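I have placed the structure first, in the form of C-alpha cells, so that the comments after it can refer back to it.
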Amino acid sequence: QVQLVESGGGSVQAGGSLRLSCAASGIIFRINAMGWFRQAPGKQRELVARFSSDGSTTYADSVKGRFTISRDNAKNTVYLQMNSLKPEDTAVYYCNVIRGVAYWGQGTQVTVSS
C-alpha cells in the first residue's frame, strides 16, 4: 500500500504562484510513476506532470513552461511549482503513484481568480 498526503493548494489571483507537495509513505519502492493530475468541474481528470520510473518527466501541453515537477527522494516527496497561474488552472489537484495499480491522494483545491 502507498499513502499519499497532499498540501499547498489555495486561492490565488491570475499570474500568481503556488507550490503543491505530496508526501508518500508505505511501500514506496518499485514505483512506476509519480506525479500530479487535476480535475476541473465537469471535466475529466487529466495528467498535469509526472516522473516516470527512469526519471524522465512528462508535462501537459497546457502547463509547459509554467509548471515544474520536482522531488526530494530523501523525503519521499514530490512537488509541483505552479507559476503564471491562469483561471483555467482552477481544479482539484491529485497526487498519483503507479505501483502496479494507481494510488491517489485526497486532492487539494487550487482556485485561480481573474
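Simple scheme: letters A, B, ... for chains in C-alpha cells order, numbers from 1 for residues in each chain, numbers from 1 for ligands in the order shown.
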
What are the closest atom pairs, with distances in Å to one decimal, for all residues of range 34-97 of chain A lying within 7 Å of range 19-24 of chain A? Consider only C-alpha atoms, order rows by chain and residue number, and present the result as CSV.
```
residue,atom,partner,partner_atom,distance
A:Asn76,CA,A:Ala24,CA,5.5
A:Thr77,CA,A:Ala23,CA,4.3
A:Val78,CA,A:Cys22,CA,5.3
A:Tyr79,CA,A:Ser21,CA,4.5
A:Leu80,CA,A:Leu20,CA,5.0
A:Gln81,CA,A:Arg19,CA,4.4
A:Met82,CA,A:Arg19,CA,5.9
A:Cys95,CA,A:Cys22,CA,6.3
```

*Going by DSSP on the backbone, which bits of chain A are strand (DSSP E)? Write them as number ranges by chain, please.*
A: 2-7, 10-13, 18-26, 33-39, 46-52, 57-59, 67-72, 77-82, 91-99, 101-104, 108-113

*From the DSSP assignment of the backbone, select every residue of chain A that is helix (DSSP H, G or I), and format the answer as a ChimeraX atom specification.*
/A:61-63,73-75,87-89

Those selected residues, please, written with N, CA and C atoms and delivered as a compact mmCIF listing (two decimals), in the first residue's frame.
```
# COMPACT_ATOMS: atom_id res chain seq x y z
N ASP A 61 0.62 19.85 -22.26
CA ASP A 61 0.99 21.00 -23.09
C ASP A 61 0.52 22.31 -22.47
N SER A 62 -0.60 22.27 -21.79
CA SER A 62 -1.19 23.49 -21.23
C SER A 62 -0.38 24.08 -20.08
N VAL A 63 0.55 23.30 -19.51
CA VAL A 63 1.31 23.81 -18.37
C VAL A 63 2.80 23.93 -18.66
N ASN A 73 13.94 12.79 -2.91
CA ASN A 73 13.90 11.35 -2.66
C ASN A 73 14.09 11.04 -1.18
N ALA A 74 14.88 11.85 -0.50
CA ALA A 74 15.11 11.60 0.92
C ALA A 74 13.83 11.75 1.74
N LYS A 75 12.95 12.62 1.26
CA LYS A 75 11.68 12.86 1.97
C LYS A 75 10.51 12.14 1.32
N PRO A 87 -6.85 31.31 -14.74
CA PRO A 87 -8.14 30.81 -14.23
C PRO A 87 -8.45 29.39 -14.69
N GLU A 88 -8.01 29.03 -15.87
CA GLU A 88 -8.27 27.68 -16.37
C GLU A 88 -7.45 26.60 -15.65
N ASP A 89 -6.54 27.01 -14.78
CA ASP A 89 -5.83 26.04 -13.94
C ASP A 89 -6.63 25.65 -12.70
```

_Residues near Ser52 in chain A, cut-off 7 Å, only C-alpha atoms, skip fewer than 4 positions along chain, as a ChimeraX atom specification_ = /A:32-34,56-57

Written file, previous selection with N, CA and C atoms, as a JSON list (two decimals), in the first residue's frame:
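Output saved as selection.json:
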```json
[["chain", "number", "residue", "atom", "x", "y", "z"],
["A", 32, "ASN", "N", 6.39, 2.94, -10.48],
["A", 32, "ASN", "CA", 6.48, 3.10, -11.92],
["A", 32, "ASN", "C", 6.39, 4.55, -12.35],
["A", 33, "ALA", "N", 5.57, 5.31, -11.63],
["A", 33, "ALA", "CA", 5.39, 6.72, -12.00],
["A", 33, "ALA", "C", 4.84, 7.45, -10.78],
["A", 34, "MET", "N", 5.14, 8.75, -10.71],
["A", 34, "MET", "CA", 4.63, 9.57, -9.61],
["A", 34, "MET", "C", 4.45, 10.98, -10.13],
["A", 56, "SER", "N", 12.47, 10.42, -16.21],
["A", 56, "SER", "CA", 12.04, 11.38, -17.20],
["A", 56, "SER", "C", 10.74, 12.04, -16.76],
["A", 57, "THR", "N", 10.47, 13.22, -17.28],
["A", 57, "THR", "CA", 9.27, 13.97, -16.91],
["A", 57, "THR", "C", 8.35, 14.16, -18.11]]
```

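Counting only C-alpha atoms and comparing A:Val110, A:Leu4, A:Val12, A:Ala102, the residue that lies closest to Arg38 in chain A is A:Val110.
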
*Which value, in Å to one decimal, gives the distance between CA of Gly35 in chain A and CA of Ser11 in chain A?*
21.2 Å

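Interatomic distance, CA of Val2 in chain A to CA of Thr108 in chain A: 17.8 Å.
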
*Quick one: distance from CA of Ile98 in chain A to CA of Phe67 in chain A in Å, one decimal?*
21.0 Å

_Please list as a PyMOL selection string every residue within 12 Å of Thr111 in chain A, counting only C-alpha atoms and excluding residues in the same chain fewer than 6 positions away._
chain A and resi 8-14+16-18+38-41+85-93

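The nearest approach to Val101 in chain A among the residues A:Ser7, A:Ser25, A:Ser114, A:Gln1, with only C-alpha atoms taken into account, belongs to A:Gln1.
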
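With only C-alpha atoms as the basis for measurement, A:Arg66 is the residue among A:Lys43, A:Arg50, A:Arg30, A:Arg66 that approaches Gly15 in chain A most closely.
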
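Nearest residue to Thr58 in chain A, choosing from A:Phe37, A:Phe29, A:Trp104, A:Tyr94 and counting only C-alpha atoms: A:Phe37.
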